[in-house]
>>> print(open('input_32.pdb').read())   # PDB, C-alpha atoms
ATOM      1  CA  MET B   1       5.382 -22.932 -27.045
ATOM      2  CA  PRO B   2       4.036 -20.658 -29.820
ATOM      3  CA  GLU B   3       5.004 -17.015 -29.507
ATOM      4  CA  ASP B   4       1.378 -15.779 -29.541
ATOM      5  CA  HIS B   5       0.578 -18.106 -26.597
ATOM      6  CA  GLN B   6       3.473 -16.665 -24.580
ATOM      7  CA  GLN B   7       2.205 -13.148 -25.213
ATOM      8  CA  ARG B   8      -1.230 -14.072 -23.838
ATOM      9  CA  ILE B   9       0.131 -15.407 -20.551
ATOM     10  CA  ARG B  10      -0.624 -12.858 -17.857
ATOM     11  CA  ARG B  11       2.069 -12.220 -15.346
ATOM     12  CA  ARG B  12       1.019 -12.433 -11.731
ATOM     13  CA  PRO B  13       1.663  -9.429  -9.451
ATOM     14  CA  ARG B  14       4.507 -11.148  -7.607
ATOM     15  CA  ASP B  15       6.188 -11.691 -11.000
ATOM     16  CA  ARG B  16       6.133  -7.916 -11.500
ATOM     17  CA  ALA B  17       7.432  -7.096  -8.019
ATOM     18  CA  ALA B  18      10.829  -5.463  -7.777
ATOM     19  CA  PHE B  19      12.954  -7.891  -5.818
ATOM     20  CA  PRO B  20      16.495  -6.733  -5.053
ATOM     21  CA  THR B  21      17.882  -9.056  -7.714
ATOM     22  CA  ASP B  22      15.456  -7.618 -10.299
ATOM     23  CA  LEU B  23      16.503  -4.008  -9.857
ATOM     24  CA  PRO B  24      18.729  -2.392 -12.473
ATOM     25  CA  ALA B  25      22.446  -2.603 -11.725
ATOM     26  CA  PRO B  26      23.132   1.153 -11.777
ATOM     27  CA  MET B  27      22.076   3.102  -8.698
ATOM     28  CA  GLN B  28      18.781   4.899  -8.912
ATOM     29  CA  VAL B  29      19.646   8.168  -7.232
ATOM     30  CA  PRO B  30      16.667  10.335  -6.237
ATOM     31  CA  THR B  31      16.318  13.630  -8.085
ATOM     32  CA  GLY B  32      18.198  16.440  -6.395
ATOM     33  CA  VAL B  33      20.586  14.111  -4.560
ATOM     34  CA  SER B  34      24.296  13.927  -5.270
ATOM     35  CA  ALA B  35      25.214  10.543  -6.749
ATOM     36  CA  ASP B  36      28.490  10.590  -4.798
ATOM     37  CA  GLN B  37      26.718  11.360  -1.509
ATOM     38  CA  TYR B  38      24.179   8.634  -2.215
ATOM     39  CA  ALA B  39      26.843   6.044  -3.084
ATOM     40  CA  ALA B  40      28.964   6.916  -0.054
ATOM     41  CA  ASN B  41      25.989   6.393   2.276
ATOM     42  CA  ARG B  42      24.199   3.532   0.588
ATOM     43  CA  ARG B  43      24.656   1.110   3.494
ATOM     44  CA  LEU B  44      23.445   3.605   6.085
ATOM     45  CA  LEU B  45      20.440   4.431   3.898
ATOM     46  CA  SER B  46      19.714   0.704   3.676
ATOM     47  CA  VAL B  47      19.890   0.346   7.469
ATOM     48  CA  LEU B  48      17.539   3.304   7.999
ATOM     49  CA  MET B  49      15.040   1.997   5.438
ATOM     50  CA  GLY B  50      15.285  -1.543   6.812
ATOM     51  CA  ARG B  51      14.667  -0.272  10.346
ATOM     52  CA  PHE B  52      11.619   1.687   9.176
ATOM     53  CA  MET B  53      10.172  -1.188   7.140
ATOM     54  CA  THR B  54      10.752  -3.786   9.857
ATOM     55  CA  THR B  55       9.131  -1.587  12.484
ATOM     56  CA  ARG B  56       6.137  -0.960  10.181
ATOM     57  CA  LEU B  57       5.725  -4.632   9.340
ATOM     58  CA  ARG B  58       5.927  -5.542  13.038
ATOM     59  CA  SER B  59       3.265  -2.938  13.865
ATOM     60  CA  ILE B  60       0.989  -4.194  11.103
ATOM     61  CA  TYR B  61       1.556  -7.799  12.166
ATOM     62  CA  GLN B  62       0.562  -6.930  15.738
ATOM     63  CA  ALA B  63      -2.411  -4.755  14.738
ATOM     64  CA  PHE B  64      -3.814  -7.582  12.614
ATOM     65  CA  GLU B  65      -2.992 -10.345  15.104
ATOM     66  CA  GLY B  66      -0.470 -11.920  12.752
ATOM     67  CA  ASP B  67      -2.674 -11.882   9.649
ATOM     68  CA  LEU B  68      -0.668  -9.857   7.128
ATOM     69  CA  THR B  69      -2.958 -11.024   4.331
ATOM     70  CA  LEU B  70      -5.936  -9.458   6.105
ATOM     71  CA  ALA B  71      -3.969  -6.214   6.386
ATOM     72  CA  LEU B  72      -3.111  -6.281   2.686
ATOM     73  CA  VAL B  73      -6.715  -6.956   1.635
ATOM     74  CA  LEU B  74      -7.997  -4.101   3.809
ATOM     75  CA  GLY B  75      -5.258  -1.777   2.570
ATOM     76  CA  GLU B  76      -5.901  -2.559  -1.088
ATOM     77  CA  LEU B  77      -9.661  -2.204  -0.650
ATOM     78  CA  SER B  78      -9.214   1.108   1.168
ATOM     79  CA  MET B  79      -6.923   2.562  -1.484
ATOM     80  CA  ARG B  80      -9.251   1.506  -4.297
ATOM     81  CA  ASN B  81     -12.225   2.970  -2.411
ATOM     82  CA  VAL B  82     -10.652   6.411  -2.024
ATOM     83  CA  GLU B  83      -9.077   6.652  -5.511
ATOM     84  CA  SER B  84     -12.055   8.567  -6.884
ATOM     85  CA  VAL B  85     -11.572  11.306  -4.290
ATOM     86  CA  PHE B  86      -7.808  11.055  -3.804
ATOM     87  CA  PRO B  87      -6.285   9.961  -7.152
ATOM     88  CA  PRO B  88      -2.835   8.360  -6.699
ATOM     89  CA  HIS B  89      -0.947  10.838  -8.902
ATOM     90  CA  ALA B  90      -2.842  14.027  -8.088
ATOM     91  CA  PRO B  91      -0.840  17.013  -6.851
ATOM     92  CA  ILE B  92      -0.620  17.082  -3.064
ATOM     93  CA  HIS B  93      -2.310  20.503  -2.838
ATOM     94  CA  ARG B  94      -5.385  19.056  -4.578
ATOM     95  CA  LEU B  95      -5.495  16.089  -2.219
ATOM     96  CA  ALA B  96      -5.210  18.422   0.781
ATOM     97  CA  GLU B  97      -8.095  20.540  -0.538
ATOM     98  CA  GLN B  98     -10.241  17.430  -0.968
ATOM     99  CA  ALA B  99      -9.461  16.294   2.583
ATOM    100  CA  ARG B 100     -10.181  19.720   4.106
ATOM    101  CA  ALA B 101     -13.450  19.920   2.183
ATOM    102  CA  GLY B 102     -14.554  16.660   3.812
ATOM    103  CA  HIS B 103     -15.172  14.847   0.543
ATOM    104  CA  LEU B 104     -14.986  11.405   2.111
ATOM    105  CA  GLU B 105     -17.296  12.261   5.001
ATOM    106  CA  ALA B 106     -19.904  14.084   2.938
ATOM    107  CA  GLY B 107     -21.757  11.743   0.637
ATOM    108  CA  ARG B 108     -19.415   8.762   1.079
ATOM    109  CA  ARG B 109     -18.193   8.919  -2.517
ATOM    110  CA  LEU B 110     -16.165   5.758  -2.166
ATOM    111  CA  ARG B 111     -15.513   3.641  -5.232
ATOM    112  CA  PRO B 112     -16.630   0.075  -4.435
ATOM    113  CA  CYS B 113     -14.303  -2.822  -5.175
ATOM    114  CA  ASN B 114     -14.839  -6.562  -5.611
ATOM    115  CA  ALA B 115     -12.883  -9.607  -4.499
ATOM    116  CA  LEU B 116     -11.638 -10.412  -7.990
ATOM    117  CA  SER B 117      -9.956  -7.028  -8.490
ATOM    118  CA  ILE B 118      -8.190  -7.333  -5.117
ATOM    119  CA  ALA B 119      -7.064 -10.874  -5.986
ATOM    120  CA  GLU B 120      -5.744  -9.785  -9.374
ATOM    121  CA  VAL B 121      -3.694  -6.854  -8.110
ATOM    122  CA  THR B 122      -2.272  -8.601  -5.029
ATOM    123  CA  GLY B 123      -1.789 -12.127  -6.347
ATOM    124  CA  ILE B 124      -3.738 -13.499  -3.375
ATOM    125  CA  PRO B 125      -6.070 -16.351  -4.428
ATOM    126  CA  ARG B 126      -9.650 -15.135  -4.882
ATOM    127  CA  GLU B 127     -11.064 -17.561  -2.303
ATOM    128  CA  THR B 128      -8.551 -16.310   0.264
ATOM    129  CA  VAL B 129      -9.575 -12.720  -0.528
ATOM    130  CA  ARG B 130     -13.230 -13.689  -0.066
ATOM    131  CA  ARG B 131     -12.472 -15.231   3.345
ATOM    132  CA  LYS B 132     -10.564 -12.110   4.399
ATOM    133  CA  LEU B 133     -13.425  -9.890   3.217
ATOM    134  CA  GLY B 134     -15.759 -12.040   5.342
ATOM    135  CA  LYS B 135     -13.553 -11.425   8.385
ATOM    136  CA  LEU B 136     -13.494  -7.671   7.657
ATOM    137  CA  LEU B 137     -17.312  -7.725   7.412
ATOM    138  CA  GLU B 138     -17.493  -9.462  10.823
ATOM    139  CA  LEU B 139     -15.238  -6.786  12.309
ATOM    140  CA  GLY B 140     -17.478  -4.069  10.867
ATOM    141  CA  TRP B 141     -14.567  -2.511   8.993
ATOM    142  CA  ILE B 142     -16.185  -2.951   5.573
ATOM    143  CA  GLU B 143     -19.675  -3.371   4.189
ATOM    144  CA  ARG B 144     -21.018  -5.166   1.130
ATOM    145  CA  THR B 145     -23.016  -3.294  -1.479
ATOM    146  CA  THR B 146     -26.070  -4.758  -3.214
ATOM    147  CA  ASP B 147     -23.960  -5.682  -6.251
ATOM    148  CA  ASP B 148     -21.418  -7.752  -4.231
ATOM    149  CA  MET B 149     -18.851  -4.964  -4.014
ATOM    150  CA  TYR B 150     -17.151  -3.723  -0.854
ATOM    151  CA  VAL B 151     -16.430  -0.363   0.784
ATOM    152  CA  ILE B 152     -14.706   0.577   4.022
ATOM    153  CA  THR B 153     -16.798   1.875   6.917
ATOM    154  CA  GLU B 154     -16.259   4.857   9.194
ATOM    155  CA  LYS B 155     -15.113   2.373  11.858
ATOM    156  CA  VAL B 156     -11.809   1.843  10.014
ATOM    157  CA  GLY B 157     -10.871   5.489  10.497
ATOM    158  CA  SER B 158     -11.637   5.445  14.201
ATOM    159  CA  VAL B 159      -9.982   2.062  14.846
ATOM    160  CA  PHE B 160      -6.789   3.009  13.025
ATOM    161  CA  ALA B 161      -6.470   6.721  13.936
ATOM    162  CA  ALA B 162      -3.786   6.199  16.602
ATOM    163  CA  PHE B 163      -2.050   3.606  14.426
ATOM    164  CA  ASP B 164      -1.940   6.078  11.510
ATOM    165  CA  ASP B 165      -0.593   8.805  13.808
ATOM    166  CA  SER B 166       2.201   6.483  14.948
ATOM    167  CA  GLN B 167       3.011   5.480  11.363
ATOM    168  CA  THR B 168       3.150   9.119  10.267
ATOM    169  CA  ALA B 169       5.466  10.086  13.132
ATOM    170  CA  ASP B 170       7.833   7.213  12.303
ATOM    171  CA  LEU B 171       7.791   8.034   8.595
ATOM    172  CA  LEU B 172       8.628  11.689   9.254
ATOM    173  CA  THR B 173      11.456  10.745  11.621
ATOM    174  CA  THR B 174      12.908   8.366   9.034
ATOM    175  CA  ALA B 175      12.521  10.970   6.265
ATOM    176  CA  ASP B 176      14.426  13.506   8.389
ATOM    177  CA  GLN B 177      17.210  10.970   8.985
ATOM    178  CA  LEU B 178      17.451  10.171   5.268
ATOM    179  CA  ARG B 179      17.575  13.886   4.372
ATOM    180  CA  GLU B 180      20.312  14.440   6.957
ATOM    181  CA  VAL B 181      22.413  11.600   5.547
ATOM    182  CA  LEU B 182      21.916  12.683   1.945
ATOM    183  CA  ALA B 183      22.744  16.289   2.767
ATOM    184  CA  GLY B 184      26.020  15.170   4.364
ATOM    185  CA  GLU B 185      25.027  16.558   7.776
ATOM    186  CA  HIS B 186      25.998  13.518   9.809
TER
END
>>> encode(input="input_32.pdb", output="structure tokens")
Amino acid sequence: MPEDHQQRIRRRPRDRAAFPTDLPAPMQVPTGVSADQYAANRRLLSVLMGRFMTTRLRSIYQAFEGDLTLALVLGELSMRNVESVFPPHAPIHRLAEQARAGHLEAGRRLRPCNALSIAEVTGIPRETVRRKLGKLLELGWIERTTDDMYVITEKVGSVFAAFDDSQTADLLTTADQLREVLAGEH
């Protein structure tokens, strides 16, 4: 195959995913953490993270009646919608100010998203994304704009408020456990 043809081949998102076998061999120790402490507790850290992730996946599976693809499409759409107000790499104090100021409620400045962009970033076939968007429309969790784009509705926030509270509590508990292990307090 000619070299220029190989350069034009786009990698799919799952090809870019970091599978355990794809990660670099040396440990990636978080900033501010002792490499020795991290290495000595690597298995326990793995158990704590595995417990957290499994519990989260189970909760998502149950909340979406077994349709993890529907959950992923809604999550990706939601994150793309709010990027204009809550940029992914903005300092946390700026994000907090935006939230307190009610920027999502006032004026609904959501950035619409289409099926193709969700398909490209997730690796889910476009027709599957379209079907999932149809289901989300039926549920009233999203709405379609006049130019065939999609935005989340206020209903998503009310439907998932308790779910988000539960997720936050579990994340904070896990973060405290990880800090305790890494500080050598166990």
>>> closest_residue(input="input_32.pdb", among="B:Lys135, B:Arg43, B:Arg80, B:Arg56", to="B:Arg111", atoms="only C-alpha atoms")
B:Arg80
>>> resolve_selection(input="input_32.pdb", expression="the PyMOL selection byres ((chain B and resi 151) around 12)", output="PyMOL selection string")
chain B and resi 73-83+104+108-115+133+136-137+140-150+152-156
>>> atom_distance(input="input_32.pdb", atom1="atom CA of B:Ala63", atom2="atom CA of B:Thr173")
21.0 Å
>>> atom_distance(input="input_32.pdb", atom1="atom CA of B:Val29", atom2="atom CA of B:Phe52")
19.4 Å
>>> atom_distance(input="input_32.pdb", atom1="atom CA of B:Met53", atom2="atom CA of B:Gly66")
16.1 Å
>>> closest_residue(input="input_32.pdb", among="B:Leu116, B:Pro88, B:Leu48, B:Ser158", to="B:Arg179", atoms="only C-alpha atoms")
B:Leu48
>>> closest_residue(input="input_32.pdb", among="B:Gly134, B:Pro125, B:Pro26, B:Gly157", to="B:Ala39", atoms="all atoms listed in the file")
B:Pro26
